[in-house]
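To keep things clear, I will list the structure first and then write my remarks on it.
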2 protein chains.
Amino acid sequence: MPHAFPAHHFSLRRFAGMTAVAMGCALSAAISPVSAAEISHDPAMAKVITAQHDEMIGRLRDWIALPTIAAEGLNIQEGAQMMASVLQDAGFQRTKIVPTSGSPSVFGYLDAGAARTISVYFMYDVKQYEAEKWTKPPLAGELVSRDGLGDVMLARGAINTKGPQMAFLAALHAYKKANKLPPVNIALIAEGEEEVGSAHLAEALADAEVKRYLEQSIGMFYCSAAQSLDGFVSVDLGSKGMIEVELTANGANGIGPAHDIHSGYAAVADSPVWHLVKALSSMTNEDGTKVTIDGWYDNVRQPSAREQQLIDLRTQELDEQLMKQDFGIQRWIAGVDYRTALDRMANAPTANIEGIFGGYTGEGGKTILPSAATAKMDFRLVPDQTADEAKTKLKAHLKAHGFGDIEVKVSGGLDPSQTAEDAALTQALLAQLNARGIPYSLDPRNPTSGPTYLFTDKLFSLPFVSVGLGLGGRYHVPDEFYLINSTNPKVAGFDEVTGFYVDLLEDVAKRAL
Amino acid sequence: MPHAFPAHHFSLRRFAGMTAVAMGCALSAAISPVSAAEISHDPAMAKVITAQHDEMIGRLRDWIALPTIAAEGLNIQEGAQMMASVLQDAGFQRTKIVPTSGSPSVFGYLDAGAARTISVYFMYDVKQYEAEKWTKPPLAGELVSRDGLGDVMLARGAINTKGPQMAFLAALHAYKKANKLPPVNIALIAEGEEEVGSAHLAEALADAEVKRYLEQSIGMFYCSAAQSLDGFVSVDLGSKGMIEVELTANGANGIGPAHDIHSGYAAVADSPVWHLVKALSSMTNEDGTKVTIDGWYDNVRQPSAREQQLIDLRTQELDEQLMKQDFGIQRWIAGVDYRTALDRMANAPTANIEGIFGGYTGEGGKTILPSAATAKMDFRLVPDQTADEAKTKLKAHLKAHGFGDIEVKVSGGLDPSQTAEDAALTQALLAQLNARGIPYSLDPRNPTSGPTYLFTDKLFSLPFVSVGLGLGGRYHVPDEFYLINSTNPKVAGFDEVTGFYVDLLEDVAKRAL
């Protein structure tokens with residue numbers, strides 16, 4: 001039976017409009033559940049993990065109680081300092097607050113005296129919250145019972161991302177408690193501005209010490225929790241790049257009136273709204289399946305045979321009707337078939353209008369010719385497109401087609417990223433999923449975007465692997481939650497995730513490179 | 001020296017975005033001013049008019065004190081009753097409140113025992129007002145002094161349109177005071193919903209008595225006041241038609257998601273915003289100078305040689321730079337020359353976007369694919385297009401081009417109107433302007449729209465002539481004003497307008513048909 005489409009786990013900041021898909025809804029065919037006794041392959045470690053459960057949930061609560069919110073300038077320094085001490089508690093001997101021109105990042109190094117080093121990406125900031133819209137205080141970390149799931153923690157940061165990160169740190173605590181060192185050294189970088197676009201992360205990554213340790217590592221883990229109710233996870237081998245732009249046609253720039261005028265004068269005055277509509281229209285083909293900006297596909301590489309094979313597999317693995325239902329759509333774009341849709345999800349550059357506005361937007365009509373109109377857009381990019389290339393080509397296209405007066409405000413730029421399927425970290429993850437009988441699908445590229453490319457391509461050449469075990473939801477909105485004590489045998493709770501990390505690290509330490 | 005572009009005086013409801021042009025700013029070459037002694041060609045009538053000045057301003061104040069606001073349901077019946085008594089006071093022997101399915105209209109007939117009947121259009125409603133934004137109480141009708149103009153009355157309804165209408169009624173009062181009957185019979189129809197679109201006026205015009213009297217008349221006057229500071233007026237021989245529509249692309253209709261989704265899914269889901277943009281783009285050519293809706297020009301008649309000649313004249317008469325300055329534009333649409341612009345103003349159908357909105361419109365970006373987008377549009381029509389034809393063709397075009405799912409909400413429909421230059425009422429107006437040395441220009445068609453076509457084409461075949469003597473401004477906004485006592489020799493005050501009406505009626509009574 002095909003699975004529900006998994007939530008894309010990285011860069012959840014970009015997921016403000018996330019659909020119900022985050023919760024999944026399919027129930028899979030019978031698969032071996034992870035029993036309590038099988039928290040880890042190592043029964044002794046499993047025992048430690050179970051024993052430290054309450055302590056770890058307490059640590060998670062303490063962390064949640066101090067929200068760092070970059071957009072509000074809230075607890076920036078305090079959050080960085082707490083991040084450092086949270087790492088120290090977990091066994092990191094070296095921690096360092098790395099200043100940037102924005103919020104500082106926090107670096108940590110756990111020297112296990114091991115042959116191998118892995119790196120881990122953390123974020124210590126959370127999204128804003130409106131406490132009055134929550135059913136529980138958003139900083140208290142209370143547990144509530146959920147049918148079919150178990151006890152979930154309701155809190156800002158529960159799933160995004162303190163909960164999953166604490167489940168990882170709990171694995172390191174378990175090693176400490178067992179008087180053992182982890183089987184790999186761990187270099188960890190935690191940023192404090194993920195929710196506002198990771199604009200200064202590259203500065204922290206340029207720090208010589210950070211750079212040295214990350215370069216030594218064999219790959220990077222990201223702690224997410226994105227199982228469906230049937231346990232299914234998606235393992236992404238990449239993510240799309242993105243630029244975000246705001247285009248404004250303004251009469252003050254020479255095309256149209258400098259102030260709103262009566263619409264009768266549309267006969268004689270250029271309309272900034274029409275000008276914007278025509279500029280937008282020049283950027284895609286009629287049915288929206290192609291970006292028609294000059295030279296847009298110059299550097300788009302063809303999907304490999306393996307990537308095509310993965311799309312074939314996903315066509316079988318993922319439930320088409322459930323996916324359509326989650327998206328609220330009656331057909332795939334322009335009526336394409338399911339395989340084409342999944343191929344596009346991984347491989348198609350997109351031009352999207354996030355919002356558009358101009359002129360009179362109230363009730364009824366108002367006979368004006370507006371002096372300005374704005375469109376907010378995002379463009380998703382695939383290998384080997386780059387954000388810089390996209391910005392340049394967009395501006396050149398507008399200029400070449402008579403829209404040079406349109407103001408272009410670029411507010412974000414992320415390159416696509418790619419991680420090899422045969423990387424040790426990827427293979428270790430798949431092996432541990434297989435060992436637990438957890439259903440998964442390999443996704444050549446997830447359609448969202450994040451700073452991953454900094455690690456995979458731009459500043460480093462690290463495999464970047466997101467570990468999606470566990471479950472949570474309501475990212476960025478009230479009653480954000482993370483599953484702590486699972487009563488669903490197909491879905492991992494906090495301790496199962498911790499045990500999974502122990503086994504994963506052991507696997508990584510031994511796996512052939 | 002060319003004149004400032006005149007305000008279009010009819011259907012000021014449509015003029016919410018009216019520019020500073022309403023005030024004009026040019027000073028013309030020297031022309032003979034209308035002196036106090038020349039209020040009317042008839043010195044005795046001039047004397048009566050001067051003597052009754054205070055009484056008339058008092059009557060105007062009384063009328064202003066009772067605002068009828070259709071949008072608020074304010075003083076509908078009270079306003080209609082007052083309209084009837086205002087007419088009775090001016091000598092109308094017959095008045096009748098004519099119910100409609102909206103606000104009632106008021107009919108009045110002044111039987112002068114004359115051979116000829118003229119009809120007059122009135123509106124007794126006014127636009128909403130926010131008293132706290134006014135410098136004077138909006139219903140008190142206080143006079144304030146304005147440099148270069150004289151005393152103006154600040155009030156809601158001062159210029160739009162109780163002031164100019166009272167100046168006309170004052171002419172009838174003057175006849176009464178002089179113990180004379182006017183030289184023509186007068187059939188007057190006053191509507192109470194001009195400010196909300198005249199939707200039920202046709203019902204009142206279908207009343208048998210109203211119909212009979214209007215059919216007997218030789219033409220209809222409208223009382224406006226649209227002189228520039230240099231005294232210049234535009235005499236319109238027609239107005240454009242219009243339909244107003246709201247187009248909504250909604251994922252719920254099958255193209256796009258039923259709710260906002262993450263913009264990463266733009267790869268696989270249709271976008272209602274793109275769908276709307278493409279639909280809009282299909283309606284005009286690249287530079288916005290042509291409507292490209294299928295068959296749009298089928299019934300557009302070519303301008304006559306006389307109309308072309310009038311455009312040539314206006315190219316000389318109207319100041320290009322002042323007009324551009326008033327509109328706040330740096331060039332004419334698509335860079336056309338001035339004559340082409342004036343030709344388009346009279347003769348080009350237009351497709352205008354009044355407003356557009358959809359998706360995220362706040363600060364920064366939000367990576368969503370919005371589920372819906374809306375554009376508010378107006379289309380101006382020229383002879384022999386009709387509103388019904390335009391609605392049909394718009395819908396057919398959308399359907400034929402793959403946009404049949406887009407919701408089309410039509411909120412208004414007005415046909416173009418045309419009045420013959422050689423109509424007696426037109427000629428009488430021009431003769432009286434000439435007699436006073438008032439500069440004017442004949443406009444083949446003004447680019448705004450109103451219910452005029454009901455009188456000129458749809459229900460009657462009456463010449464419709466707007467008498468633009470006098471000056472006012474700030475239609476629909478705080479501190480609306482109307483010039484009462486003019487100190488500017490080029491611009492008529494209240495009494496001069498009244499005297500002008502006396503002479504105009506005398507002229508109409510004698511002029512060859």
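Here's how to read the names in the structure tokens: chain A, B, ... by the order shown, residue numbers from 1 in each chain, ligand numbers from 1 in the order shown.
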Which of range 47-285 of chain A counts as alpha helix (DSSP H) under DSSP, as number ranges by chain please? A: 47-51, 53-64, 76-89, 163-177, 201-205, 208-216, 272-281
Fewer than 6 positions away in the same chain doesn't count, so skip those; otherwise give me all residues within 6 Å of range 38-53 of chain A, counting only C-alpha atoms, as a PyMOL selection string. chain A and resi 174+496+499
Go ahead and dump the residues you just picked, all heavy atoms, as a CSV table (one decimal), in the first residue's frame.
chain,number,residue,atom,x,y,z
A,174,ALA,N,23.3,9.4,27.3
A,174,ALA,CA,23.3,7.9,27.6
A,174,ALA,C,24.7,7.3,27.6
A,174,ALA,O,25.1,6.5,28.5
A,174,ALA,CB,22.4,7.2,26.6
A,496,GLU,N,12.8,6.1,21.7
A,496,GLU,CA,13.1,5.3,20.5
A,496,GLU,C,14.0,6.1,19.5
A,496,GLU,O,14.9,5.5,18.9
A,496,GLU,CB,11.8,4.9,19.8
A,496,GLU,CG,11.0,3.8,20.5
A,496,GLU,CD,10.2,4.4,21.6
A,496,GLU,OE1,9.9,5.6,21.6
A,496,GLU,OE2,9.8,3.6,22.5
A,499,GLY,N,17.5,6.0,21.0
A,499,GLY,CA,18.1,4.7,20.8
A,499,GLY,C,18.5,4.5,19.3
A,499,GLY,O,19.6,4.0,19.0
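Within the 9 Å cut-off around Trp63 in chain B, using only C-alpha atoms and omitting residues fewer than 2 positions from it on the same chain, the listed residues are Gly58, Arg59, Leu60, Arg61, Ala65, Leu66, Pro67, Gly79, Met82, Met83, Val86 and Lys162 of chain B.
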Got time to write the residues from that selection, N, CA, C and O atoms, as a compact mmCIF listing (two decimals), in the first residue's frame?
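File out.txt, as written:
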# COMPACT_ATOMS: atom_id res chain seq x y z
N GLY B 58 -29.44 80.31 1.96
CA GLY B 58 -30.13 79.73 3.11
C GLY B 58 -30.85 78.45 2.72
O GLY B 58 -30.82 77.44 3.44
N ARG B 59 -31.52 78.48 1.56
CA ARG B 59 -32.21 77.28 1.08
C ARG B 59 -31.21 76.14 0.81
O ARG B 59 -31.48 74.97 1.10
N LEU B 60 -30.07 76.52 0.24
CA LEU B 60 -29.04 75.52 -0.01
C LEU B 60 -28.57 74.90 1.32
O LEU B 60 -28.42 73.68 1.44
N ARG B 61 -28.38 75.76 2.32
CA ARG B 61 -27.95 75.26 3.65
C ARG B 61 -28.98 74.32 4.24
O ARG B 61 -28.63 73.29 4.82
N ALA B 65 -28.31 70.36 5.16
CA ALA B 65 -28.46 69.90 6.55
C ALA B 65 -29.13 68.52 6.64
O ALA B 65 -29.08 67.87 7.68
N LEU B 66 -29.76 68.09 5.55
CA LEU B 66 -30.42 66.78 5.55
C LEU B 66 -29.75 65.88 4.50
O LEU B 66 -30.21 65.79 3.36
N PRO B 67 -28.66 65.23 4.88
CA PRO B 67 -27.94 64.42 3.89
C PRO B 67 -28.63 63.07 3.65
O PRO B 67 -28.96 62.36 4.60
N GLY B 79 -35.18 62.45 2.56
CA GLY B 79 -34.50 63.17 1.49
C GLY B 79 -35.38 63.33 0.27
O GLY B 79 -35.38 64.38 -0.40
N MET B 82 -37.97 65.91 1.07
CA MET B 82 -37.40 67.26 1.02
C MET B 82 -37.17 67.69 -0.43
O MET B 82 -37.40 68.84 -0.79
N MET B 83 -36.69 66.73 -1.25
CA MET B 83 -36.48 67.04 -2.67
C MET B 83 -37.79 67.56 -3.28
O MET B 83 -37.79 68.58 -4.00
N VAL B 86 -38.47 71.04 -2.01
CA VAL B 86 -37.52 71.99 -2.63
C VAL B 86 -37.99 72.36 -4.04
O VAL B 86 -37.93 73.52 -4.46
N LYS B 162 -25.73 69.46 -4.64
CA LYS B 162 -26.81 70.36 -4.23
C LYS B 162 -26.54 71.82 -4.60
O LYS B 162 -27.47 72.54 -4.97
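If you measure from each of A:Leu205, A:His476, A:Ala396, A:Leu342 to Ile69 in chain A using only C-alpha atoms, the closest one turns out to be A:His476.
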Exercise: Leu469 in chain A partners within 9 Å, only C-alpha atoms, chain neighbours under 5 positions left out, as a list in words: Pro164, Cys223, Ser224, Ala225, Ala226, Gln227, Gly231, Phe232, Val233, Leu433, Val491, Ala492, Gly493, Glu496, Val497 and Phe500 of chain A
Serialized selection, C-alpha atoms, as a PDB file, in the first residue's frame:
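The new file out-v1.pdb reads:
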ATOM      1  CA  PRO A 164      14.293  16.228  18.052  1.00  0.00           C
ATOM      2  CA  CYS A 223      17.645  16.118  13.596  1.00  0.00           C
ATOM      3  CA  SER A 224      14.094  16.123  12.318  1.00  0.00           C
ATOM      4  CA  ALA A 225      11.008  14.068  13.144  1.00  0.00           C
ATOM      5  CA  ALA A 226       8.846  13.466  10.120  1.00  0.00           C
ATOM      6  CA  GLN A 227       7.259  10.041  10.346  1.00  0.00           C
ATOM      7  CA  GLY A 231       5.826   5.154  10.410  1.00  0.00           C
ATOM      8  CA  PHE A 232       6.855   6.098   6.918  1.00  0.00           C
ATOM      9  CA  VAL A 233       9.757   8.503   6.396  1.00  0.00           C
ATOM     10  CA  LEU A 433      15.631   2.072   9.152  1.00  0.00           C
ATOM     11  CA  VAL A 491       6.025   5.658  15.250  1.00  0.00           C
ATOM     12  CA  ALA A 492       9.046   6.416  17.393  1.00  0.00           C
ATOM     13  CA  GLY A 493       8.714   8.299  20.668  1.00  0.00           C
ATOM     14  CA  GLU A 496      13.123   5.282  20.485  1.00  0.00           C
ATOM     15  CA  VAL A 497      14.621   8.217  18.609  1.00  0.00           C
ATOM     16  CA  PHE A 500      18.050   5.046  17.029  1.00  0.00           C
TER      17      PHE A 500
END
Chain B residues within 6 Å of chain A, counting only C-alpha atoms: which ones, as an NGL selection string? :B and (14 or 17-18 or 254 or 256-258 or 261-262 or 264 or 267-270 or 277 or 328-330 or 332-333 or 341 or 344-345 or 350 or 354-361 or 367-369 or 447-448)
Taking C-alpha atoms for each residue, export the selection above as a PDB file, in the first residue's frame.
ATOM      1  CA  ARG B  14     -16.981  57.370 -10.456  1.00  0.00           C
ATOM      2  CA  GLY B  17      -9.530  58.935  -7.616  1.00  0.00           C
ATOM      3  CA  MET B  18      -9.969  62.351  -9.132  1.00  0.00           C
ATOM      4  CA  GLY B 254     -10.486  22.916  -9.978  1.00  0.00           C
ATOM      5  CA  GLY B 256      -5.046  24.978  -8.015  1.00  0.00           C
ATOM      6  CA  PRO B 257      -5.288  24.042  -4.352  1.00  0.00           C
ATOM      7  CA  ALA B 258      -8.421  24.565  -2.273  1.00  0.00           C
ATOM      8  CA  ILE B 261      -0.048  25.217   0.343  1.00  0.00           C
ATOM      9  CA  HIS B 262       3.722  25.396   0.637  1.00  0.00           C
ATOM     10  CA  GLY B 264       7.577  24.051  -2.920  1.00  0.00           C
ATOM     11  CA  ALA B 267       6.100  22.150  -9.070  1.00  0.00           C
ATOM     12  CA  VAL B 268       2.977  19.997  -8.995  1.00  0.00           C
ATOM     13  CA  ALA B 269      -0.027  22.220  -8.260  1.00  0.00           C
ATOM     14  CA  ASP B 270      -1.627  24.783 -10.554  1.00  0.00           C
ATOM     15  CA  VAL B 277      -2.306  36.633 -14.384  1.00  0.00           C
ATOM     16  CA  GLY B 328       1.433  62.484 -12.626  1.00  0.00           C
ATOM     17  CA  ILE B 329       2.698  60.803 -15.783  1.00  0.00           C
ATOM     18  CA  GLN B 330       5.966  61.193 -17.660  1.00  0.00           C
ATOM     19  CA  TRP B 332       1.415  59.078 -22.699  1.00  0.00           C
ATOM     20  CA  ILE B 333       0.480  55.421 -22.750  1.00  0.00           C
ATOM     21  CA  ALA B 341      -3.630  60.406 -26.463  1.00  0.00           C
ATOM     22  CA  ARG B 344      -7.752  57.657 -27.237  1.00  0.00           C
ATOM     23  CA  MET B 345      -9.312  59.650 -24.395  1.00  0.00           C
ATOM     24  CA  THR B 350     -10.035  50.466 -22.274  1.00  0.00           C
ATOM     25  CA  GLU B 354      -8.684  48.798 -10.466  1.00  0.00           C
ATOM     26  CA  GLY B 355      -7.046  46.471  -8.001  1.00  0.00           C
ATOM     27  CA  ILE B 356      -5.531  43.029  -7.664  1.00  0.00           C
ATOM     28  CA  PHE B 357      -4.869  40.858  -4.644  1.00  0.00           C
ATOM     29  CA  GLY B 358      -4.083  37.327  -3.645  1.00  0.00           C
ATOM     30  CA  GLY B 359      -1.856  35.398  -1.280  1.00  0.00           C
ATOM     31  CA  TYR B 360       0.623  36.922   1.107  1.00  0.00           C
ATOM     32  CA  THR B 361       0.785  40.707   1.063  1.00  0.00           C
ATOM     33  CA  THR B 367       6.600  30.687   0.845  1.00  0.00           C
ATOM     34  CA  ILE B 368       3.037  29.810  -0.016  1.00  0.00           C
ATOM     35  CA  LEU B 369       1.172  28.955  -3.164  1.00  0.00           C
ATOM     36  CA  PRO B 447     -13.698  59.161 -20.644  1.00  0.00           C
ATOM     37  CA  THR B 448     -15.895  58.659 -17.578  1.00  0.00           C
TER      38      THR B 448
END
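Here CA of Pro451 in chain A is placed at a distance of 26.4 Å from CA of Asp479 in chain A.
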Taking only C-alpha atoms into account, name the residue in B:Ile438, B:Leu414, B:Leu139, B:Leu429 that is nearest to Asp503 in chain B. B:Leu429
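For the residues B:Pro439, B:Pro489, B:Pro99, B:Gly148, ranking by smallest atom-to-atom distance to Asp207 in chain B using only C-alpha atoms places B:Pro99 first.
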Near-Gln88 in chain B list (12 Å; only C-alpha atoms; drop same-chain fewer than 2 positions) as a short mmCIF file (atom, residue, chain, number, x, y, z; two decimals) with all heavy atoms, in the first residue's frame:
data_model
loop_
_atom_site.label_atom_id
_atom_site.label_comp_id
_atom_site.auth_asym_id
_atom_site.auth_seq_id
_atom_site.Cartn_x
_atom_site.Cartn_y
_atom_site.Cartn_z
N GLN B 81 -38.67 63.34 0.30
CA GLN B 81 -39.72 64.32 0.62
C GLN B 81 -39.18 65.75 0.57
O GLN B 81 -39.84 66.66 0.06
CB GLN B 81 -40.31 64.01 2.00
CG GLN B 81 -41.40 62.95 1.91
CD GLN B 81 -41.60 62.19 3.21
OE1 GLN B 81 -41.22 62.68 4.28
NE2 GLN B 81 -42.18 61.01 3.13
N MET B 82 -37.97 65.91 1.07
CA MET B 82 -37.40 67.26 1.02
C MET B 82 -37.17 67.69 -0.43
O MET B 82 -37.40 68.84 -0.79
CB MET B 82 -36.09 67.31 1.80
CG MET B 82 -35.50 68.72 1.83
SD MET B 82 -34.31 68.93 3.15
CE MET B 82 -34.27 70.73 3.27
N MET B 83 -36.69 66.73 -1.25
CA MET B 83 -36.48 67.04 -2.67
C MET B 83 -37.79 67.56 -3.28
O MET B 83 -37.79 68.58 -4.00
CB MET B 83 -36.02 65.77 -3.40
CG MET B 83 -35.72 65.96 -4.88
SD MET B 83 -34.14 66.81 -5.19
CE MET B 83 -34.67 68.48 -5.53
N ALA B 84 -38.87 66.88 -2.96
CA ALA B 84 -40.16 67.29 -3.51
C ALA B 84 -40.52 68.70 -3.05
O ALA B 84 -40.95 69.54 -3.85
CB ALA B 84 -41.24 66.28 -3.10
N SER B 85 -40.30 69.00 -1.78
CA SER B 85 -40.69 70.33 -1.31
C SER B 85 -39.73 71.41 -1.82
O SER B 85 -40.15 72.54 -2.08
CB SER B 85 -40.85 70.35 0.21
OG SER B 85 -39.60 70.25 0.82
N VAL B 86 -38.47 71.04 -2.01
CA VAL B 86 -37.52 71.99 -2.63
C VAL B 86 -37.99 72.36 -4.04
O VAL B 86 -37.93 73.52 -4.46
CB VAL B 86 -36.09 71.39 -2.65
CG1 VAL B 86 -35.19 72.11 -3.63
CG2 VAL B 86 -35.48 71.41 -1.24
N ALA B 90 -39.66 76.00 -5.65
CA ALA B 90 -39.10 76.65 -6.84
C ALA B 90 -40.14 76.82 -7.94
O ALA B 90 -39.83 77.36 -9.01
CB ALA B 90 -37.93 75.84 -7.37
N GLY B 91 -41.37 76.35 -7.69
CA GLY B 91 -42.44 76.60 -8.66
C GLY B 91 -42.97 75.38 -9.39
O GLY B 91 -43.83 75.51 -10.27
N PHE B 92 -42.47 74.20 -9.04
CA PHE B 92 -42.99 72.99 -9.68
C PHE B 92 -44.39 72.73 -9.12
O PHE B 92 -44.55 72.47 -7.93
CB PHE B 92 -42.07 71.79 -9.40
CG PHE B 92 -40.79 71.82 -10.21
CD1 PHE B 92 -39.73 72.64 -9.83
CD2 PHE B 92 -40.65 71.04 -11.36
CE1 PHE B 92 -38.56 72.68 -10.57
CE2 PHE B 92 -39.48 71.07 -12.10
CZ PHE B 92 -38.43 71.90 -11.71
N GLN B 93 -45.37 72.76 -10.00
CA GLN B 93 -46.74 72.57 -9.53
C GLN B 93 -47.01 71.09 -9.21
O GLN B 93 -47.81 70.76 -8.35
CB GLN B 93 -47.76 73.03 -10.60
CG GLN B 93 -47.63 74.48 -11.00
CD GLN B 93 -46.79 74.66 -12.26
OE1 GLN B 93 -45.98 73.80 -12.58
NE2 GLN B 93 -46.98 75.78 -12.96
N ARG B 94 -46.35 70.23 -9.97
CA ARG B 94 -46.56 68.80 -9.81
C ARG B 94 -45.28 68.18 -9.29
O ARG B 94 -44.20 68.37 -9.88
CB ARG B 94 -46.92 68.20 -11.18
CG ARG B 94 -46.87 66.69 -11.28
CD ARG B 94 -48.08 66.04 -10.67
NE ARG B 94 -48.09 64.59 -10.88
CZ ARG B 94 -48.56 63.73 -9.99
NH1 ARG B 94 -49.05 64.16 -8.82
NH2 ARG B 94 -48.57 62.45 -10.26
N THR B 95 -45.37 67.47 -8.17
CA THR B 95 -44.22 66.67 -7.73
C THR B 95 -44.74 65.29 -7.34
O THR B 95 -45.89 65.15 -6.93
CB THR B 95 -43.48 67.28 -6.52
OG1 THR B 95 -44.39 67.37 -5.42
CG2 THR B 95 -42.89 68.63 -6.84
N LYS B 96 -43.89 64.31 -7.49
CA LYS B 96 -44.31 62.94 -7.20
C LYS B 96 -43.11 62.13 -6.77
O LYS B 96 -42.04 62.18 -7.42
CB LYS B 96 -44.92 62.33 -8.48
CG LYS B 96 -45.29 60.86 -8.34
CD LYS B 96 -46.20 60.41 -9.47
CE LYS B 96 -45.43 59.87 -10.65
NZ LYS B 96 -46.31 59.11 -11.59
N VAL B 106 -37.59 61.25 -7.44
CA VAL B 106 -38.60 62.31 -7.28
C VAL B 106 -38.78 62.97 -8.63
O VAL B 106 -37.81 63.36 -9.29
CB VAL B 106 -38.13 63.35 -6.23
CG1 VAL B 106 -39.19 64.45 -6.09
CG2 VAL B 106 -37.87 62.67 -4.90
N PHE B 107 -40.03 63.05 -9.04
CA PHE B 107 -40.35 63.69 -10.32
C PHE B 107 -41.00 65.04 -10.05
O PHE B 107 -41.77 65.18 -9.09
CB PHE B 107 -41.29 62.80 -11.13
CG PHE B 107 -41.80 63.45 -12.37
CD1 PHE B 107 -40.96 63.66 -13.46
CD2 PHE B 107 -43.12 63.89 -12.45
CE1 PHE B 107 -41.43 64.28 -14.62
CE2 PHE B 107 -43.60 64.52 -13.61
CZ PHE B 107 -42.74 64.71 -14.70
N GLY B 108 -40.66 66.00 -10.86
CA GLY B 108 -41.31 67.30 -10.74
C GLY B 108 -41.62 67.85 -12.12
O GLY B 108 -40.86 67.61 -13.08
N TYR B 109 -42.75 68.55 -12.22
CA TYR B 109 -43.08 69.17 -13.51
C TYR B 109 -43.49 70.61 -13.24
O TYR B 109 -44.38 70.89 -12.42
CB TYR B 109 -44.20 68.41 -14.21
CG TYR B 109 -44.50 68.99 -15.58
CD1 TYR B 109 -43.55 68.94 -16.60
CD2 TYR B 109 -45.73 69.61 -15.84
CE1 TYR B 109 -43.82 69.49 -17.85
CE2 TYR B 109 -45.99 70.16 -17.09
CZ TYR B 109 -45.03 70.10 -18.10
OH TYR B 109 -45.29 70.65 -19.33
N LEU B 110 -42.81 71.51 -13.94
CA LEU B 110 -43.16 72.92 -13.85
C LEU B 110 -43.83 73.28 -15.16
O LEU B 110 -43.19 73.29 -16.22
CB LEU B 110 -41.91 73.77 -13.60
CG LEU B 110 -42.13 75.25 -13.24
CD1 LEU B 110 -40.90 75.82 -12.56
CD2 LEU B 110 -42.52 76.10 -14.45
N ASP B 111 -45.11 73.49 -15.06
CA ASP B 111 -45.89 73.83 -16.26
C ASP B 111 -45.84 75.33 -16.45
O ASP B 111 -46.48 76.09 -15.69
CB ASP B 111 -47.33 73.33 -16.07
CG ASP B 111 -48.18 73.61 -17.31
OD1 ASP B 111 -47.67 74.28 -18.25
OD2 ASP B 111 -49.33 73.16 -17.35
N LEU B 169 -32.16 76.01 -9.54
CA LEU B 169 -33.49 76.28 -8.97
C LEU B 169 -33.65 77.77 -8.66
O LEU B 169 -34.76 78.32 -8.73
CB LEU B 169 -33.71 75.44 -7.71
CG LEU B 169 -33.78 73.93 -7.92
CD1 LEU B 169 -33.93 73.19 -6.59
CD2 LEU B 169 -34.92 73.55 -8.88
N LEU B 172 -35.36 79.58 -11.24
CA LEU B 172 -36.82 79.43 -11.22
C LEU B 172 -37.43 80.32 -10.13
O LEU B 172 -38.49 80.94 -10.33
CB LEU B 172 -37.20 77.97 -11.03
CG LEU B 172 -36.53 76.98 -12.01
CD1 LEU B 172 -37.04 75.56 -11.81
CD2 LEU B 172 -36.74 77.44 -13.46
N HIS B 173 -36.73 80.39 -8.99
CA HIS B 173 -37.18 81.31 -7.93
C HIS B 173 -37.20 82.75 -8.46
O HIS B 173 -38.12 83.52 -8.14
CB HIS B 173 -36.24 81.23 -6.72
CG HIS B 173 -36.52 80.07 -5.80
ND1 HIS B 173 -37.51 80.11 -4.85
CD2 HIS B 173 -35.95 78.85 -5.71
CE1 HIS B 173 -37.52 78.94 -4.18
NE2 HIS B 173 -36.58 78.16 -4.69
N LYS B 176 -40.24 83.41 -10.41
CA LYS B 176 -41.38 83.57 -9.49
C LYS B 176 -41.39 84.97 -8.88
O LYS B 176 -42.41 85.66 -8.88
CB LYS B 176 -41.29 82.54 -8.34
CG LYS B 176 -42.15 81.32 -8.53
CD LYS B 176 -41.93 80.30 -7.43
CE LYS B 176 -42.62 80.67 -6.13
NZ LYS B 176 -42.50 79.56 -5.12
N LEU B 188 -38.47 67.38 -14.35
CA LEU B 188 -37.23 67.11 -13.60
C LEU B 188 -37.31 65.74 -12.92
O LEU B 188 -38.32 65.39 -12.32
CB LEU B 188 -37.03 68.22 -12.56
CG LEU B 188 -35.71 68.21 -11.77
CD1 LEU B 188 -35.26 69.63 -11.47
CD2 LEU B 188 -35.78 67.38 -10.50
#
Considering only strand (DSSP E) as DSSP defines it on the backbone, what residues of range 53-262 of chain B qualify? List them as a PyMOL selection string. chain B and resi 94-98+105-110+117-123+142-146+150-154+185-191+220-223+233-236+238-239+241-250+261-262
Which residues are close to Ala131 in chain B, i.e. within 8 Å by only C-alpha atoms, leaving aside same-chain residues fewer than 4 positions away? Reply as a short mmCIF file (atom, residue, chain, number, x, y, z; two decimals) with C-alpha atoms, in the first residue's frame.
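Now in out_9.cif:
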data_model
loop_
_atom_site.label_atom_id
_atom_site.label_comp_id
_atom_site.auth_asym_id
_atom_site.auth_seq_id
_atom_site.Cartn_x
_atom_site.Cartn_y
_atom_site.Cartn_z
CA PRO B 137 -18.96 70.90 10.20
CA PRO B 138 -19.88 69.14 6.94
CA PRO B 478 -13.38 66.15 3.37
#
